[in-house]
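Please read the structure below before turning to the comments.
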Amino acid sequence: MSKIQNIGVFTSGGDAPGMNAAVRAVVRACRYYNIKAFGIYRGYDGLISGEIEELGSRSVSNIIHRGGTILKSARSAEFRTVEGRKKAYDNLVKHGIDALVAIGGDGTFAGASVLSSEYNISVIGLPGTIDNDLNGTDFTIGYDTAVNTATTAIDKIRDTASSHNRLFFIEVMGRHSGQIAVRASIAAGAEATMIPEEPMTVEQLISTLERGASSKKSSSLVVVAEGGSPGHTMQLAHEVEAKFDYYDTKVTILGHLLRGGAPTVADRVLASTLGVQAVEYLLKGKSGGMLGIVNNQVKFTPFEQAIRNVENLDPEMMRIAGILSV
C-alpha cells in the first residue's frame, strides 16, 4: 500500500443517478482504510475556488438512494487554463490531498488526465454518465436508471398514442450516442429508432411506418437520440407528417428527466463497487485511468483510451430492435 493519507472526491459534468452512491462508497472506503476523505464541491470550479471539506461516514448517510449529486457539479472554463489548474493544485496542497477520485464522463477524465500529468497527482476516474459512451466498461453509472426512466415514460406515452391513433416522436438524451435510445426502444416496443451510429433517412423511416400502418397498427412510437436525427426532432416530425398522414403526429422530448430520480439497484451496486475499488487502486499506486466493469470484472482503462476509443453500439441490438418492430 502507498502512503496516501488524504483522498479528494468530486463529481463533474452532467449529473447521473448513482453519483451519490459512488461518493458514499469512496468516503466509507477511506474510513475503512483509516485515511481522510475530502469532498470537493462543484467539480473543477470548486477545486479552483477551494470549496473543499472533510467528509466522514455520517456525512454520506442516507444518500445512496438519492439522484443528483450532493457534491454538486459544474463545467469549468477556467480549469482549461494553466492558471486555473495551478489554483486547483494549490488548493489540493493546502488541504493535504494527495489523490483524487473523479466521477464523470469524457470531459471530466480529460481534465483529470491533464492535472495528473502536470502535477504528478494520483487520479482514478469513475464513469458517471447516463450516455454509456466510455470505453472500458460495459455500463456507466447512471445509464441503467436513465434507460428505466425513458422506458417508463415511453410506456405511458404509448397509452395515449393508442387511444388517439397517434404517431409519437420521443427524444431521449445521448449526445452522439444511441445507447439509451436503442435499449429503451427494445424495452418499450418502439416501432423505429433513430440514432447517430446508424443514420436513417426520412424516407426509410416512412417506409417503416407504412409497414406498420398496413398491418393496422393503432399507433406508432419512434425513439430519437438527441443527436441521432437528420435534424431537430421537431423538424423531423414535421417532415414525416407532411409525407405520411396516417397518424396524428406528436413530439415528446424527455430531456433532463432522464438524469433525475432514484438510481436503480444496478446503478447503486455498480457505483458502490467502483467507489471502493477506486480507493483500493489508489492505495496500491494505480493512477491515470478509469475503473469500469467488463464481464463482471473490474477493469482499469487509461484515460486516453477510455475517452478516445469509444466502442461502437452493438449492432446486434439494432438488429433485434428491427425484428421486434415488425
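Simple scheme: letters A, B, ... for chains in C-alpha cells order, numbers from 1 for residues in each chain, numbers from 1 for ligands in the order shown.
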
(request) Would you list the contacts of A:Val182 as a PyMOL selection string, taking every protein, DNA or RNA residue within 9 Å and counting only C-alpha atoms, but skipping same-chain residues closer than 6 positions in sequence? (result) chain A and resi 193-195+223-225+317-318+321

(request) Excluding A:Tyr33 and residues on its chain fewer than 4 positions from it, collect all residues at most 10 Å away from it, counting only C-alpha atoms, and give them as an MDAnalysis selection string. (result) chainID A and resid 5 28:29 279:280 283

Could you please take those selected residues and save N, CA and C atoms as a PDB file, in the first residue's frame?
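Once everything was written out, this is selection_31.pdb:
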```
ATOM      1  N   GLN A   5      -2.645   9.543   2.253  1.00  0.00           N
ATOM      2  CA  GLN A   5      -3.340   9.807   3.513  1.00  0.00           C
ATOM      3  C   GLN A   5      -4.672  10.528   3.335  1.00  0.00           C
ATOM      4  N   ARG A  28     -16.595   5.990   2.620  1.00  0.00           N
ATOM      5  CA  ARG A  28     -16.602   4.907   3.605  1.00  0.00           C
ATOM      6  C   ARG A  28     -15.423   3.953   3.416  1.00  0.00           C
ATOM      7  N   ALA A  29     -14.948   3.820   2.189  1.00  0.00           N
ATOM      8  CA  ALA A  29     -13.746   3.014   1.973  1.00  0.00           C
ATOM      9  C   ALA A  29     -12.532   3.713   2.586  1.00  0.00           C
ATOM     10  N   VAL A 279     -10.605   3.626  -4.250  1.00  0.00           N
ATOM     11  CA  VAL A 279      -9.732   3.869  -3.105  1.00  0.00           C
ATOM     12  C   VAL A 279      -8.638   2.814  -3.038  1.00  0.00           C
ATOM     13  N   GLU A 280      -9.002   1.564  -3.254  1.00  0.00           N
ATOM     14  CA  GLU A 280      -8.020   0.475  -3.175  1.00  0.00           C
ATOM     15  C   GLU A 280      -6.990   0.568  -4.291  1.00  0.00           C
ATOM     16  N   LEU A 283      -4.515   3.275  -3.318  1.00  0.00           N
ATOM     17  CA  LEU A 283      -3.624   2.831  -2.253  1.00  0.00           C
ATOM     18  C   LEU A 283      -2.565   1.845  -2.770  1.00  0.00           C
TER      19      LEU A 283
END
```

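Minimum distance to A:Thr129 across A:Gly13, A:Gly227, A:Gly292, A:Gly260 (counting only C-alpha atoms) occurs at A:Gly13.
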
(request) Please give the complete set of residues from stretch 88-286 of chain A that DSSP, run on the backbone, assigns to helix (DSSP H, G or I), formatted as number ranges by chain. (result) A: 88-94, 106-119, 143-163, 179-188, 202-214, 233-243, 255-259, 265-283

(message) Counting only C-alpha atoms, which residue out of A:His95, A:Arg80, A:Ala22, A:Gly128 sits closest to A:Asn6?
(response) A:His95

(request) With a distance cut-off of 9 Å and only C-alpha atoms, select the neighbouring residues of stretch 169-177 of chain A, excluding the residue or stretch itself and same-chain residues fewer than 3 positions from it, and output the selection as an MDAnalysis selection string. (result) chainID A and resid 130:133 146 150 154 157 180:181 195:197 220:228 233:234 236:237 249:256 258:259 312:313

(request) From a DSSP pass on the backbone, collect the residues of stretch 41-142 of chain A flagged as strand (DSSP E or B) and hand them back as a ChimeraX atom specification. (result) /A:52-55,99-104,122-128,141

Write a file of the selected residues as a PDB file, in the first residue's frame, keeping N, CA and C atoms.
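Writing done, so here's again-v9.pdb:
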```
ATOM      1  N   ILE A  52     -13.842  22.919  -0.467  1.00  0.00           N
ATOM      2  CA  ILE A  52     -13.403  21.578  -0.071  1.00  0.00           C
ATOM      3  C   ILE A  52     -13.644  21.392   1.420  1.00  0.00           C
ATOM      4  N   GLU A  53     -14.187  20.235   1.800  1.00  0.00           N
ATOM      5  CA  GLU A  53     -14.349  19.954   3.225  1.00  0.00           C
ATOM      6  C   GLU A  53     -14.185  18.464   3.486  1.00  0.00           C
ATOM      7  N   GLU A  54     -13.732  18.159   4.691  1.00  0.00           N
ATOM      8  CA  GLU A  54     -13.553  16.758   5.063  1.00  0.00           C
ATOM      9  C   GLU A  54     -14.914  16.094   5.260  1.00  0.00           C
ATOM     10  N   LEU A  55     -15.022  14.853   4.793  1.00  0.00           N
ATOM     11  CA  LEU A  55     -16.258  14.089   4.921  1.00  0.00           C
ATOM     12  C   LEU A  55     -16.017  12.836   5.754  1.00  0.00           C
ATOM     13  N   ALA A  99      -4.407  12.480  -3.528  1.00  0.00           N
ATOM     14  CA  ALA A  99      -5.003  11.628  -4.558  1.00  0.00           C
ATOM     15  C   ALA A  99      -6.437  12.059  -4.783  1.00  0.00           C
ATOM     16  N   LEU A 100      -6.962  11.774  -5.984  1.00  0.00           N
ATOM     17  CA  LEU A 100      -8.312  12.193  -6.340  1.00  0.00           C
ATOM     18  C   LEU A 100      -9.118  11.042  -6.941  1.00  0.00           C
ATOM     19  N   VAL A 101     -10.422  11.062  -6.678  1.00  0.00           N
ATOM     20  CA  VAL A 101     -11.371  10.204  -7.386  1.00  0.00           C
ATOM     21  C   VAL A 101     -12.298  11.149  -8.144  1.00  0.00           C
ATOM     22  N   ALA A 102     -12.242  11.085  -9.476  1.00  0.00           N
ATOM     23  CA  ALA A 102     -13.032  11.961 -10.336  1.00  0.00           C
ATOM     24  C   ALA A 102     -14.192  11.173 -10.925  1.00  0.00           C
ATOM     25  N   ILE A 103     -15.422  11.604 -10.651  1.00  0.00           N
ATOM     26  CA  ILE A 103     -16.616  10.899 -11.113  1.00  0.00           C
ATOM     27  C   ILE A 103     -17.280  11.729 -12.209  1.00  0.00           C
ATOM     28  N   GLY A 104     -17.318  11.183 -13.416  1.00  0.00           N
ATOM     29  CA  GLY A 104     -17.901  11.929 -14.525  1.00  0.00           C
ATOM     30  C   GLY A 104     -17.708  11.214 -15.845  1.00  0.00           C
ATOM     31  N   SER A 122      -2.011  11.539  -8.118  1.00  0.00           N
ATOM     32  CA  SER A 122      -2.702  10.290  -8.429  1.00  0.00           C
ATOM     33  C   SER A 122      -4.202  10.538  -8.615  1.00  0.00           C
ATOM     34  N   VAL A 123      -4.749  10.018  -9.719  1.00  0.00           N
ATOM     35  CA  VAL A 123      -6.173  10.195 -10.014  1.00  0.00           C
ATOM     36  C   VAL A 123      -6.756   8.894 -10.565  1.00  0.00           C
ATOM     37  N   ILE A 124      -7.904   8.513 -10.036  1.00  0.00           N
ATOM     38  CA  ILE A 124      -8.689   7.414 -10.594  1.00  0.00           C
ATOM     39  C   ILE A 124     -10.055   7.976 -10.980  1.00  0.00           C
ATOM     40  N   GLY A 125     -10.538   7.617 -12.158  1.00  0.00           N
ATOM     41  CA  GLY A 125     -11.837   8.085 -12.617  1.00  0.00           C
ATOM     42  C   GLY A 125     -12.901   7.008 -12.513  1.00  0.00           C
ATOM     43  N   LEU A 126     -14.123   7.420 -12.205  1.00  0.00           N
ATOM     44  CA  LEU A 126     -15.274   6.519 -12.212  1.00  0.00           C
ATOM     45  C   LEU A 126     -16.263   7.006 -13.268  1.00  0.00           C
ATOM     46  N   PRO A 127     -16.788   6.118 -14.093  1.00  0.00           N
ATOM     47  CA  PRO A 127     -17.636   6.504 -15.224  1.00  0.00           C
ATOM     48  C   PRO A 127     -19.045   6.912 -14.813  1.00  0.00           C
ATOM     49  N   GLY A 128     -19.256   8.187 -14.546  1.00  0.00           N
ATOM     50  CA  GLY A 128     -20.564   8.691 -14.138  1.00  0.00           C
ATOM     51  C   GLY A 128     -21.210   9.488 -15.256  1.00  0.00           C
ATOM     52  N   ILE A 141     -22.186   4.490 -14.709  1.00  0.00           N
ATOM     53  CA  ILE A 141     -23.066   4.819 -13.588  1.00  0.00           C
ATOM     54  C   ILE A 141     -24.137   5.803 -14.067  1.00  0.00           C
TER      55      ILE A 141
END
```

I'd like the neighbourhood of A:Gly136 as a PDB file with N, CA and C atoms, in the first residue's frame, where a residue qualifies if any of its atoms comes within 10 Å (using only C-alpha atoms), though same-chain residues fewer than 6 positions away should be ignored.
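What landed in part-v4.pdb:
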```
ATOM      1  N   PRO A 127     -16.788   6.118 -14.093  1.00  0.00           N
ATOM      2  CA  PRO A 127     -17.636   6.504 -15.224  1.00  0.00           C
ATOM      3  C   PRO A 127     -19.045   6.912 -14.813  1.00  0.00           C
ATOM      4  N   GLY A 289      -6.260   6.532 -14.817  1.00  0.00           N
ATOM      5  CA  GLY A 289      -7.220   5.795 -15.619  1.00  0.00           C
ATOM      6  C   GLY A 289      -8.578   5.673 -14.961  1.00  0.00           C
ATOM      7  N   MET A 290      -9.479   5.075 -15.710  1.00  0.00           N
ATOM      8  CA  MET A 290     -10.856   4.870 -15.262  1.00  0.00           C
ATOM      9  C   MET A 290     -11.076   3.424 -14.851  1.00  0.00           C
ATOM     10  N   LEU A 291     -11.902   3.222 -13.835  1.00  0.00           N
ATOM     11  CA  LEU A 291     -12.317   1.885 -13.461  1.00  0.00           C
ATOM     12  C   LEU A 291     -13.712   1.619 -14.022  1.00  0.00           C
ATOM     13  N   GLY A 292     -13.896   0.426 -14.577  1.00  0.00           N
ATOM     14  CA  GLY A 292     -15.196   0.032 -15.080  1.00  0.00           C
ATOM     15  C   GLY A 292     -15.435  -1.429 -14.787  1.00  0.00           C
ATOM     16  N   ILE A 293     -16.570  -1.925 -15.208  1.00  0.00           N
ATOM     17  CA  ILE A 293     -16.900  -3.339 -15.062  1.00  0.00           C
ATOM     18  C   ILE A 293     -17.061  -3.943 -16.445  1.00  0.00           C
ATOM     19  N   VAL A 294     -16.265  -4.954 -16.757  1.00  0.00           N
ATOM     20  CA  VAL A 294     -16.357  -5.671 -18.026  1.00  0.00           C
ATOM     21  C   VAL A 294     -16.492  -7.155 -17.708  1.00  0.00           C
ATOM     22  N   VAL A 298     -13.736  -5.984 -12.531  1.00  0.00           N
ATOM     23  CA  VAL A 298     -13.251  -4.607 -12.536  1.00  0.00           C
ATOM     24  C   VAL A 298     -12.095  -4.484 -13.514  1.00  0.00           C
ATOM     25  N   LYS A 299     -12.145  -3.449 -14.349  1.00  0.00           N
ATOM     26  CA  LYS A 299     -11.110  -3.233 -15.357  1.00  0.00           C
ATOM     27  C   LYS A 299     -10.585  -1.812 -15.254  1.00  0.00           C
ATOM     28  N   PHE A 300      -9.264  -1.663 -15.356  1.00  0.00           N
ATOM     29  CA  PHE A 300      -8.604  -0.359 -15.367  1.00  0.00           C
ATOM     30  C   PHE A 300      -8.300   0.012 -16.818  1.00  0.00           C
ATOM     31  N   THR A 301      -8.741   1.202 -17.241  1.00  0.00           N
ATOM     32  CA  THR A 301      -8.501   1.675 -18.602  1.00  0.00           C
ATOM     33  C   THR A 301      -7.873   3.056 -18.544  1.00  0.00           C
ATOM     34  N   PRO A 302      -6.699   3.261 -19.143  1.00  0.00           N
ATOM     35  CA  PRO A 302      -6.084   4.590 -19.154  1.00  0.00           C
ATOM     36  C   PRO A 302      -7.057   5.636 -19.689  1.00  0.00           C
ATOM     37  N   PHE A 303      -6.994   6.843 -19.129  1.00  0.00           N
ATOM     38  CA  PHE A 303      -7.923   7.899 -19.513  1.00  0.00           C
ATOM     39  C   PHE A 303      -7.980   8.108 -21.021  1.00  0.00           C
ATOM     40  N   GLN A 305      -7.477   6.138 -23.493  1.00  0.00           N
ATOM     41  CA  GLN A 305      -8.213   5.080 -24.177  1.00  0.00           C
ATOM     42  C   GLN A 305      -9.701   5.140 -23.851  1.00  0.00           C
ATOM     43  N   ALA A 306     -10.032   5.424 -22.612  1.00  0.00           N
ATOM     44  CA  ALA A 306     -11.436   5.493 -22.204  1.00  0.00           C
ATOM     45  C   ALA A 306     -12.175   6.590 -22.958  1.00  0.00           C
ATOM     46  N   ILE A 307     -11.476   7.685 -23.237  1.00  0.00           N
ATOM     47  CA  ILE A 307     -12.087   8.838 -23.891  1.00  0.00           C
ATOM     48  C   ILE A 307     -12.112   8.687 -25.410  1.00  0.00           C
ATOM     49  N   ASN A 309     -11.236   5.989 -27.624  1.00  0.00           N
ATOM     50  CA  ASN A 309     -11.582   4.768 -28.349  1.00  0.00           C
ATOM     51  C   ASN A 309     -12.926   4.225 -27.887  1.00  0.00           C
ATOM     52  N   VAL A 310     -13.937   5.052 -27.988  1.00  0.00           N
ATOM     53  CA  VAL A 310     -15.258   4.645 -27.534  1.00  0.00           C
ATOM     54  C   VAL A 310     -15.791   3.531 -28.424  1.00  0.00           C
ATOM     55  N   GLU A 311     -16.246   2.468 -27.803  1.00  0.00           N
ATOM     56  CA  GLU A 311     -16.750   1.330 -28.556  1.00  0.00           C
ATOM     57  C   GLU A 311     -18.070   1.673 -29.236  1.00  0.00           C
TER      58      GLU A 311
END
```

(message) Can you measure atom CA of A:Ser272 to atom CA of A:Ala21 for me? One decimal in Å is fine.
(response) 5.8 Å

(message) Applying 12 Å and only C-alpha atoms, which residues near stretch 15-17 of chain A remain after dropping the ones on its own chain fewer than 5 positions away? List them as JSON, numbers by chain.
(response) {"A": [10, 22, 23, 42, 43, 63, 64, 65, 66, 67, 68, 69, 70, 71, 72, 73, 74, 75, 103, 104, 105, 108, 126, 127, 128, 129, 130, 131, 132, 140, 141, 142, 143, 144, 145, 146, 147, 148, 149, 256, 257, 258, 259, 260, 261, 262, 263, 264, 265, 266, 267, 268, 269, 270, 271]}

Atoms kept (C-alpha atoms) for selection, written as an mmCIF file, in the first residue's frame:
```cif
data_model
loop_
_atom_site.group_PDB
_atom_site.id
_atom_site.type_symbol
_atom_site.label_atom_id
_atom_site.label_comp_id
_atom_site.auth_asym_id
_atom_site.auth_seq_id
_atom_site.Cartn_x
_atom_site.Cartn_y
_atom_site.Cartn_z
ATOM 1 C CA PHE A 10 -15.683 15.184 -6.807
ATOM 2 C CA ALA A 22 -20.179 6.379 -5.613
ATOM 3 C CA VAL A 23 -19.287 9.307 -3.329
ATOM 4 C CA ARG A 42 -18.901 21.895 -7.908
ATOM 5 C CA GLY A 43 -16.269 19.877 -9.711
ATOM 6 C CA ILE A 63 -27.672 9.386 0.150
ATOM 7 C CA ILE A 64 -27.286 6.042 -1.659
ATOM 8 C CA HIS A 65 -30.891 6.246 -2.903
ATOM 9 C CA ARG A 66 -30.809 9.885 -3.976
ATOM 10 C CA GLY A 67 -30.415 11.109 -7.540
ATOM 11 C CA GLY A 68 -28.200 14.029 -8.496
ATOM 12 C CA THR A 69 -25.035 14.659 -6.509
ATOM 13 C CA ILE A 70 -24.608 16.116 -3.030
ATOM 14 C CA LEU A 71 -21.235 17.498 -4.166
ATOM 15 C CA LYS A 72 -22.937 19.452 -6.968
ATOM 16 C CA SER A 73 -21.465 19.706 -10.431
ATOM 17 C CA ALA A 74 -20.328 22.403 -12.828
ATOM 18 C CA ARG A 75 -18.433 22.849 -16.045
ATOM 19 C CA ILE A 103 -16.616 10.899 -11.113
ATOM 20 C CA GLY A 104 -17.901 11.929 -14.525
ATOM 21 C CA GLY A 105 -17.566 11.440 -18.258
ATOM 22 C CA THR A 108 -14.029 15.042 -16.531
ATOM 23 C CA LEU A 126 -15.274 6.519 -12.212
ATOM 24 C CA PRO A 127 -17.636 6.504 -15.224
ATOM 25 C CA GLY A 128 -20.564 8.691 -14.138
ATOM 26 C CA THR A 129 -22.656 9.494 -17.216
ATOM 27 C CA ILE A 130 -26.054 8.377 -18.464
ATOM 28 C CA ASP A 131 -24.730 8.185 -22.042
ATOM 29 C CA ASN A 132 -22.829 4.891 -21.596
ATOM 30 C CA THR A 140 -21.633 3.588 -16.877
ATOM 31 C CA ILE A 141 -23.066 4.819 -13.588
ATOM 32 C CA GLY A 142 -26.498 6.296 -14.312
ATOM 33 C CA TYR A 143 -27.155 4.547 -17.620
ATOM 34 C CA ASP A 144 -29.418 1.826 -16.256
ATOM 35 C CA THR A 145 -31.532 4.361 -14.363
ATOM 36 C CA ALA A 146 -31.836 6.606 -17.423
ATOM 37 C CA VAL A 147 -32.981 3.687 -19.586
ATOM 38 C CA ASN A 148 -35.549 2.646 -16.979
ATOM 39 C CA THR A 149 -36.830 6.216 -16.711
ATOM 40 C CA HIS A 256 -33.229 16.162 -18.409
ATOM 41 C CA LEU A 257 -35.965 13.978 -16.952
ATOM 42 C CA LEU A 258 -33.557 11.111 -17.686
ATOM 43 C CA ARG A 259 -30.889 12.468 -15.350
ATOM 44 C CA GLY A 260 -33.069 12.549 -12.266
ATOM 45 C CA GLY A 261 -34.672 10.096 -9.911
ATOM 46 C CA ALA A 262 -33.519 7.416 -7.515
ATOM 47 C CA PRO A 263 -30.829 5.159 -9.013
ATOM 48 C CA THR A 264 -31.746 1.575 -9.799
ATOM 49 C CA VAL A 265 -30.274 -1.354 -7.898
ATOM 50 C CA ALA A 266 -27.878 -1.956 -10.793
ATOM 51 C CA ASP A 267 -26.539 1.614 -10.627
ATOM 52 C CA ARG A 268 -26.247 1.578 -6.820
ATOM 53 C CA VAL A 269 -24.260 -1.653 -6.847
ATOM 54 C CA LEU A 270 -22.066 -0.555 -9.760
ATOM 55 C CA ALA A 271 -21.294 2.796 -8.106
#
```
